[in-house]
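Data first, discussion second: the structure below is written as structure tokens.
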Protein chains: 2
Amino acid sequence: MKWSTRIGRLFGIDVYVHFTFLLLLAFLGFVTWQRTHDVYAALAGVAFILGLFGCVLLHEFGHALMARRYGIETRDITLLPIGGLARLERMPEHPLQELWVALAGPAVNVVIALVLYAGLAFTGGFLEATNLDVPFDLRAMLQRLMVVNVFLVLFNLLPAFPMDGGRVLRALLATKLGRRRATAIAANVGQAMAIVFGIVGFMSNPFLVFIAIFVYLGAQAEAGMVEMQSALEGLRVRDAMMTRFRTLGADDTLAKATDELLAGSQQDFPVIAEGAPVGILRRNDLVKALGQNRRDTPVSEVMCRECATAEAGSSLKRVVESMHERQCGTIPVVQAGQIVGLLTLENVSEMIMVNAALEQRGQALAHG
Amino acid sequence: MKWSTRIGRLFGIDVYVHFTFLLLLAFLGFVTWQRTHDVYAALAGVAFILGLFGCVLLHEFGHALMARRYGIETRDITLLPIGGLARLERMPEHPLQELWVALAGPAVNVVIALVLYAGLAFTGGFLEATNLDVPFDLRAMLQRLMVVNVFLVLFNLLPAFPMDGGRVLRALLATKLGRRRATAIAANVGQAMAIVFGIVGFMSNPFLVFIAIFVYLGAQAEAGMVEMQSALEGLRVRDAMMTRFRTLGADDTLAKATDELLAGSQQDFPVIAEGAPVGILRRNDLVKALGQNRRDTPVSEVMCRECATAEAGSSLKRVVESMHERQCGTIPVVQAGQIVGLLTLENVSEMIMVNAALEQRGQALAHG
């Protein structure tokens, strides 16, 4: 994620902290200091937030390690002021797998709360709620942490898709209704919850407003993703590929590529040697290279070589998923090693729009 | 603006109220009622907010009527919870004109405050500040309104471009440094102010957070716009037009247009009769028509006829401005009545990117 810095690696997963999170720590320390004029109180306040986000981090590892059991790796985990974010390579499509991955996060907080409960109970019992705000008392801090973990469990299990509880809801619905319908319902419930969060947050806590925005947009994006996946079901790459496009030769200069770029609508150009694609020259890479005085450089030095190709007969759904994963917007389509088309995410969504319009027409006829 | 409803027309300018503004009124009324359990207090609270936004509306008319003096019309005025927005057709490019248009808004609030001051002073003097929160006292309400107008003047004159004070700053800088440099500086100052607003708002008032976001993005957008205008200076339409594009005949069916759309990268197609453009078939219009069972309809029934054409030798800057104004992303380019190119905003920004990269290289050489 942009504006994040890596703080370490655990279980083979990189952990990042977002810049705004550090800002939050500094801000809370400052506010506590200003209120109490006591540096130690300020540090104790920061320590508590760090403890809290330690629990959030373990929560995210709960998701990540459960996903690993199902063969799904996690790209990274990022701590934001509004919580943690584990970026799984992909979401498990099987409902029961999604259920367990979603529950593994809150389960970690249940365990933490129980451990703290047992530890405090066996070493002298609990403090009154009114005595919890003492900044220097370790026991008071641990007891607050216990309470906060219970809160984390309850909050995360609210059915606000794509939060954990919302994923549980989707998984349960999906066993009966199928993934597409289940996601649509869970996303609607999630957006309704987000609106409630937003109103409550506006009256009480700005963080909740940001969580509300995150939930609302997240629900929309995931619902769109599932809609897209189901729209691609059964289609082949050749059904969505463009057949009218320009190519470059490996020895063509960037100057020539620039002319091609500006002459038409195409933004990324497959580079061809003997009829077979050897790379893709992307608009951004081209412009960057032009800024480095490389007008006469051959495109082969600037093109992206890692971009895979797709077979014309492959499953469109799987190819589009892998394009999303690699953040590759354009790939060449081949048949018997020769280029026969160009697949872009833009053109795929164009085809989905057209098909949806034609389907709508079909339904109107069926009803009419 | 989306989600807005028209409430009237004044001086020939439509006045809209955004849906969230009505929500705000309902919310404030409800909160007051909940606190006081007094319907009249709630209504008085709403009345005060209406009075306040009446002043905001007059402020916007200050801008609009001053702009009219310089021959610039205002498309509409919208009331949002964070203030008013007068959408001028264009901003005056002459610094002194921008200065007067920017100052005319706060000047209205100065006049309102003076009138209220005089009225209250001549009819019995002022209340103590501690007595101002009496909900039913008209004098108390008018005195609060006077104070709020003074606050509006001060707040609007903060140099938070694109707020009024920021426009004053840009206009003053532009007289010395030119518009491009002045805008870049004013936008940087504005974004710094927005960050301050954001932090202060986070600690005190959520509205200020929204104002901060509005100022930050507004500064970015205006700076980008001026950068673009200066990048287009001296260029002709033919310098930026695409020469490789597909056209449709007026009798072609939508089915054929769909094939063209999906076969390549182009999204909008000029429709040609005897070599001359007669309209543009836009992707959105095409998809909408497909949803209405019109695959066999000729494109001439669905194409946009209002889209102007541009002469290849015209000033690129002026043509791009008019495309932005009409929200037209694609127009045909003609010479002697025949189509010779296609101009899209996408391709124009592509050309700006390329030119900026080449210029950067030129500067590196000059320094090297």
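In the structure tokens, the first chain shown is A, the next is B, and so on; residue numbers restart at 1 for each chain, and ligands run from 1 in the order shown.
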Legend entry - Residue list for chain A near chain B as a VMD selection string, 6 Å, only C-alpha atoms: chain A and resid 242 to 244 263 to 266 287 290 to 293 354 357 to 358 360 to 361
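Residues in contact with B:Phe61 at 8 Å, where only C-alpha atoms are counted and same-chain residues fewer than 3 positions away are skipped, are listed as Leu57, Leu58, Ala64, Leu65, Ala86 and Gly105 of chain B.
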Inset, instruction - Identify, on the basis of only C-alpha atoms, every residue whose closest approach to stretch 124-126 of chain B does not exceed 12 Å; exclude the query and any residue fewer than 3 positions from it along the same chain; express the result as a count of residues only. - result: 18
Closest atom pairs, residues of stretch 195-215 of chain A within 10 Å of stretch 160-164 of chain A, only C-alpha atoms, as CSV:
```
residue,atom,partner,partner_atom,distance
A:Phe197,CA,A:Ala160,CA,9.6
A:Ile211,CA,A:Met163,CA,9.9
A:Ala212,CA,A:Ala160,CA,9.3
A:Phe214,CA,A:Pro162,CA,9.0
A:Val215,CA,A:Pro162,CA,6.3
```
Could the residues in this selection be saved with all heavy atoms as a CSV table (one decimal), in the first residue's frame?
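This is the output file selection_8.csv:
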```csv
chain,number,residue,atom,x,y,z
A,197,PHE,N,-23.0,3.3,10.6
A,197,PHE,CA,-21.7,3.6,11.2
A,197,PHE,C,-21.4,5.1,10.9
A,197,PHE,O,-20.9,5.8,11.8
A,197,PHE,CB,-20.6,2.8,10.5
A,197,PHE,CG,-20.5,1.4,10.9
A,197,PHE,CD1,-19.5,0.6,10.4
A,197,PHE,CD2,-21.3,0.8,11.9
A,197,PHE,CE1,-19.4,-0.8,10.7
A,197,PHE,CE2,-21.3,-0.5,12.2
A,197,PHE,CZ,-20.3,-1.3,11.7
A,211,ILE,N,-14.2,4.1,8.9
A,211,ILE,CA,-14.6,2.7,8.8
A,211,ILE,C,-15.8,2.6,7.9
A,211,ILE,O,-15.9,1.7,7.1
A,211,ILE,CB,-14.8,2.1,10.2
A,211,ILE,CG1,-13.4,2.0,10.9
A,211,ILE,CG2,-15.4,0.7,10.1
A,211,ILE,CD1,-13.5,1.5,12.4
A,212,ALA,N,-16.8,3.5,8.1
A,212,ALA,CA,-18.0,3.5,7.3
A,212,ALA,C,-17.7,3.6,5.8
A,212,ALA,O,-18.2,2.8,5.0
A,212,ALA,CB,-18.9,4.6,7.8
A,214,PHE,N,-14.8,2.9,4.3
A,214,PHE,CA,-14.1,1.7,3.9
A,214,PHE,C,-15.1,0.6,3.7
A,214,PHE,O,-15.0,-0.1,2.7
A,214,PHE,CB,-13.1,1.4,5.1
A,214,PHE,CG,-12.4,0.1,4.9
A,214,PHE,CD1,-11.4,-0.1,4.1
A,214,PHE,CD2,-12.9,-1.0,5.7
A,214,PHE,CE1,-10.7,-1.3,4.0
A,214,PHE,CE2,-12.3,-2.2,5.6
A,214,PHE,CZ,-11.2,-2.4,4.7
A,215,VAL,N,-16.0,0.4,4.6
A,215,VAL,CA,-17.0,-0.7,4.5
A,215,VAL,C,-17.9,-0.5,3.2
A,215,VAL,O,-18.1,-1.4,2.4
A,215,VAL,CB,-17.9,-0.9,5.7
A,215,VAL,CG1,-19.1,-1.8,5.5
A,215,VAL,CG2,-17.0,-1.4,6.9
```
Legend entry - Filtered DSSP result for stretch 101-261 of chain A, state alpha helix (DSSP H), as a ChimeraX atom specification: /A:101-122,138-156,164-177,179-203,206-232,237-240,254-261
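With only C-alpha atoms taken into account, the protein and nucleic acid residues at most 8 Å from B:His59 (excluding it and anything under 6 positions from it in its own chain) are B:Ala104, B:Gly105, B:Pro106, B:Ala107, B:Val108, B:Asn109.
Neighbours of A:Leu96 closer than or equal to 8 Å, with only C-alpha atoms counted and sequence neighbours fewer than 2 positions away skipped, come out as His94, Glu98, Leu99, Trp100, Ala171 and Leu172 of chain A.
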Keeping only C-alpha atoms, write the selected residues to a file as a JSON list (two decimals), in the first residue's frame.
```
[["chain", "number", "residue", "atom", "x", "y", "z"],
["A", 94, "HIS", "CA", -15.68, -22.33, -1.12],
["A", 98, "GLU", "CA", -14.33, -18.46, 3.72],
["A", 99, "LEU", "CA", -16.28, -19.05, 6.94],
["A", 100, "TRP", "CA", -13.25, -20.45, 8.76],
["A", 171, "ALA", "CA", -20.46, -17.72, 3.51],
["A", 172, "LEU", "CA", -23.60, -18.94, 5.29]]
```
Inset, instruction - Run DSSP on the backbone and grab whatever in stretch 120-249 of chain A lands in strand (DSSP E or B); send it over as a list in words. - result: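 So, restricting stretch 120-249 of chain A to strand (DSSP E or B), we get Arg236, Met242, Leu248 and Gly249 of chain A.
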Inset, instruction - Compare A:Ala250, A:Val237, A:Cys304, A:Ile352 by their minimum atom-to-atom distance to A:Gln335, counting only C-alpha atoms, and give me the closest one. - result: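 Checking each of A:Ala250, A:Val237, A:Cys304, A:Ile352 against A:Gln335, counting only C-alpha atoms, the winner is A:Val237.
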Inset, instruction - Write out as a list of chain:residue names the residues lying within 9 Å of A:Asp14, counting only C-alpha atoms and excluding same-chain residues fewer than 3 positions away. - result: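 Contacts, with the query itself left out: A:Arg6, A:Ile7, A:Gly8, A:Arg9, A:Leu10, A:Phe11, A:Thr74, A:Arg75, A:Asp76, A:Ile77, A:Thr78.
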Inset, instruction - Quote the spacing between atom CA of B:Gly84 and atom CA of B:Val226 in Å to one decimal place. - result: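 Separating atom CA of B:Gly84 from atom CA of B:Val226 is a distance of 23.3 Å.
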Inset, instruction - Go ahead and compute the interatomic distance for atom CA of A:Ser230 and atom CA of A:Ser349, in Å to one decimal. - result: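 Atom-to-atom, atom CA of A:Ser230 to atom CA of A:Ser349, that is 12.5 Å.
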Which polymer residues have any atom within 12 Å of an atom of A:Ala174, counting only C-alpha atoms, with same-chain residues fewer than 3 positions away left out, as a PDB file with N, CA, C and O atoms, in the first residue's frame?
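Result file follows (part.pdb):
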```pdb
ATOM      1  N   GLU A  93     -13.122 -19.380  -2.474  1.00  0.00           N
ATOM      2  CA  GLU A  93     -14.459 -19.341  -3.077  1.00  0.00           C
ATOM      3  C   GLU A  93     -15.396 -20.342  -2.420  1.00  0.00           C
ATOM      4  O   GLU A  93     -16.612 -20.216  -2.523  1.00  0.00           O
ATOM      5  N   HIS A  94     -14.820 -21.347  -1.764  1.00  0.00           N
ATOM      6  CA  HIS A  94     -15.675 -22.329  -1.121  1.00  0.00           C
ATOM      7  C   HIS A  94     -16.241 -21.716   0.163  1.00  0.00           C
ATOM      8  O   HIS A  94     -15.496 -21.251   1.017  1.00  0.00           O
ATOM      9  N   PRO A  95     -17.566 -21.718   0.345  1.00  0.00           N
ATOM     10  CA  PRO A  95     -18.173 -21.017   1.483  1.00  0.00           C
ATOM     11  C   PRO A  95     -17.595 -21.430   2.838  1.00  0.00           C
ATOM     12  O   PRO A  95     -17.306 -20.562   3.668  1.00  0.00           O
ATOM     13  N   LEU A  96     -17.407 -22.743   3.053  1.00  0.00           N
ATOM     14  CA  LEU A  96     -16.937 -23.159   4.376  1.00  0.00           C
ATOM     15  C   LEU A  96     -15.520 -22.676   4.632  1.00  0.00           C
ATOM     16  O   LEU A  96     -15.165 -22.309   5.757  1.00  0.00           O
ATOM     17  N   GLN A  97     -14.683 -22.643   3.587  1.00  0.00           N
ATOM     18  CA  GLN A  97     -13.329 -22.122   3.758  1.00  0.00           C
ATOM     19  C   GLN A  97     -13.376 -20.639   4.118  1.00  0.00           C
ATOM     20  O   GLN A  97     -12.682 -20.173   5.019  1.00  0.00           O
ATOM     21  N   GLU A  98     -14.221 -19.879   3.396  1.00  0.00           N
ATOM     22  CA  GLU A  98     -14.333 -18.460   3.721  1.00  0.00           C
ATOM     23  C   GLU A  98     -14.815 -18.274   5.157  1.00  0.00           C
ATOM     24  O   GLU A  98     -14.325 -17.400   5.884  1.00  0.00           O
ATOM     25  N   LEU A  99     -15.754 -19.123   5.580  1.00  0.00           N
ATOM     26  CA  LEU A  99     -16.284 -19.046   6.942  1.00  0.00           C
ATOM     27  C   LEU A  99     -15.155 -19.184   7.959  1.00  0.00           C
ATOM     28  O   LEU A  99     -15.006 -18.361   8.868  1.00  0.00           O
ATOM     29  N   GLY A 166     -19.554  -9.883   8.173  1.00  0.00           N
ATOM     30  CA  GLY A 166     -20.186  -9.847   6.865  1.00  0.00           C
ATOM     31  C   GLY A 166     -19.736 -11.017   5.997  1.00  0.00           C
ATOM     32  O   GLY A 166     -20.517 -11.584   5.228  1.00  0.00           O
ATOM     33  N   ARG A 167     -18.444 -11.398   6.130  1.00  0.00           N
ATOM     34  CA  ARG A 167     -17.953 -12.560   5.373  1.00  0.00           C
ATOM     35  C   ARG A 167     -18.603 -13.837   5.881  1.00  0.00           C
ATOM     36  O   ARG A 167     -18.925 -14.736   5.096  1.00  0.00           O
ATOM     37  N   VAL A 168     -18.793 -13.902   7.208  1.00  0.00           N
ATOM     38  CA  VAL A 168     -19.491 -15.059   7.776  1.00  0.00           C
ATOM     39  C   VAL A 168     -20.896 -15.124   7.188  1.00  0.00           C
ATOM     40  O   VAL A 168     -21.349 -16.181   6.730  1.00  0.00           O
ATOM     41  N   LEU A 169     -21.563 -13.968   7.160  1.00  0.00           N
ATOM     42  CA  LEU A 169     -22.918 -13.917   6.594  1.00  0.00           C
ATOM     43  C   LEU A 169     -22.924 -14.390   5.147  1.00  0.00           C
ATOM     44  O   LEU A 169     -23.742 -15.220   4.749  1.00  0.00           O
ATOM     45  N   ARG A 170     -21.979 -13.863   4.344  1.00  0.00           N
ATOM     46  CA  ARG A 170     -21.946 -14.256   2.948  1.00  0.00           C
ATOM     47  C   ARG A 170     -21.721 -15.752   2.801  1.00  0.00           C
ATOM     48  O   ARG A 170     -22.365 -16.426   1.990  1.00  0.00           O
ATOM     49  N   ALA A 171     -20.771 -16.298   3.606  1.00  0.00           N
ATOM     50  CA  ALA A 171     -20.459 -17.723   3.508  1.00  0.00           C
ATOM     51  C   ALA A 171     -21.695 -18.558   3.840  1.00  0.00           C
ATOM     52  O   ALA A 171     -22.027 -19.519   3.128  1.00  0.00           O
ATOM     53  N   LEU A 177     -27.718 -20.125  -1.336  1.00  0.00           N
ATOM     54  CA  LEU A 177     -28.157 -19.296  -2.471  1.00  0.00           C
ATOM     55  C   LEU A 177     -27.131 -19.186  -3.584  1.00  0.00           C
ATOM     56  O   LEU A 177     -27.411 -18.583  -4.611  1.00  0.00           O
ATOM     57  N   GLY A 178     -25.935 -19.722  -3.375  1.00  0.00           N
ATOM     58  CA  GLY A 178     -24.885 -19.506  -4.365  1.00  0.00           C
ATOM     59  C   GLY A 178     -24.151 -18.219  -4.061  1.00  0.00           C
ATOM     60  O   GLY A 178     -24.679 -17.312  -3.415  1.00  0.00           O
ATOM     61  N   ARG A 179     -22.922 -18.141  -4.584  1.00  0.00           N
ATOM     62  CA  ARG A 179     -22.022 -17.065  -4.206  1.00  0.00           C
ATOM     63  C   ARG A 179     -22.482 -15.689  -4.699  1.00  0.00           C
ATOM     64  O   ARG A 179     -22.366 -14.692  -4.005  1.00  0.00           O
ATOM     65  N   ARG A 180     -23.045 -15.674  -5.907  1.00  0.00           N
ATOM     66  CA  ARG A 180     -23.399 -14.389  -6.500  1.00  0.00           C
ATOM     67  C   ARG A 180     -24.505 -13.704  -5.713  1.00  0.00           C
ATOM     68  O   ARG A 180     -24.399 -12.554  -5.310  1.00  0.00           O
ATOM     69  N   ARG A 181     -25.578 -14.462  -5.496  1.00  0.00           N
ATOM     70  CA  ARG A 181     -26.742 -13.927  -4.784  1.00  0.00           C
ATOM     71  C   ARG A 181     -26.353 -13.598  -3.335  1.00  0.00           C
ATOM     72  O   ARG A 181     -26.738 -12.550  -2.798  1.00  0.00           O
ATOM     73  N   ALA A 182     -25.566 -14.487  -2.704  1.00  0.00           N
ATOM     74  CA  ALA A 182     -25.150 -14.285  -1.316  1.00  0.00           C
ATOM     75  C   ALA A 182     -24.339 -12.996  -1.191  1.00  0.00           C
ATOM     76  O   ALA A 182     -24.524 -12.217  -0.250  1.00  0.00           O
ATOM     77  N   THR A 183     -23.461 -12.759  -2.160  1.00  0.00           N
ATOM     78  CA  THR A 183     -22.627 -11.558  -2.092  1.00  0.00           C
ATOM     79  C   THR A 183     -23.475 -10.306  -2.253  1.00  0.00           C
ATOM     80  O   THR A 183     -23.275  -9.306  -1.545  1.00  0.00           O
ATOM     81  N   ALA A 184     -24.438 -10.369  -3.173  1.00  0.00           N
ATOM     82  CA  ALA A 184     -25.295  -9.201  -3.392  1.00  0.00           C
ATOM     83  C   ALA A 184     -26.041  -8.850  -2.104  1.00  0.00           C
ATOM     84  O   ALA A 184     -26.101  -7.677  -1.713  1.00  0.00           O
ATOM     85  N   ILE A 185     -26.573  -9.866  -1.429  1.00  0.00           N
ATOM     86  CA  ILE A 185     -27.317  -9.599  -0.186  1.00  0.00           C
ATOM     87  C   ILE A 185     -26.367  -9.072   0.890  1.00  0.00           C
ATOM     88  O   ILE A 185     -26.635  -8.049   1.528  1.00  0.00           O
ATOM     89  N   ALA A 186     -25.225  -9.774   1.076  1.00  0.00           N
ATOM     90  CA  ALA A 186     -24.277  -9.361   2.123  1.00  0.00           C
ATOM     91  C   ALA A 186     -23.777  -7.936   1.863  1.00  0.00           C
ATOM     92  O   ALA A 186     -23.612  -7.145   2.792  1.00  0.00           O
TER      93      ALA A 186
END
```
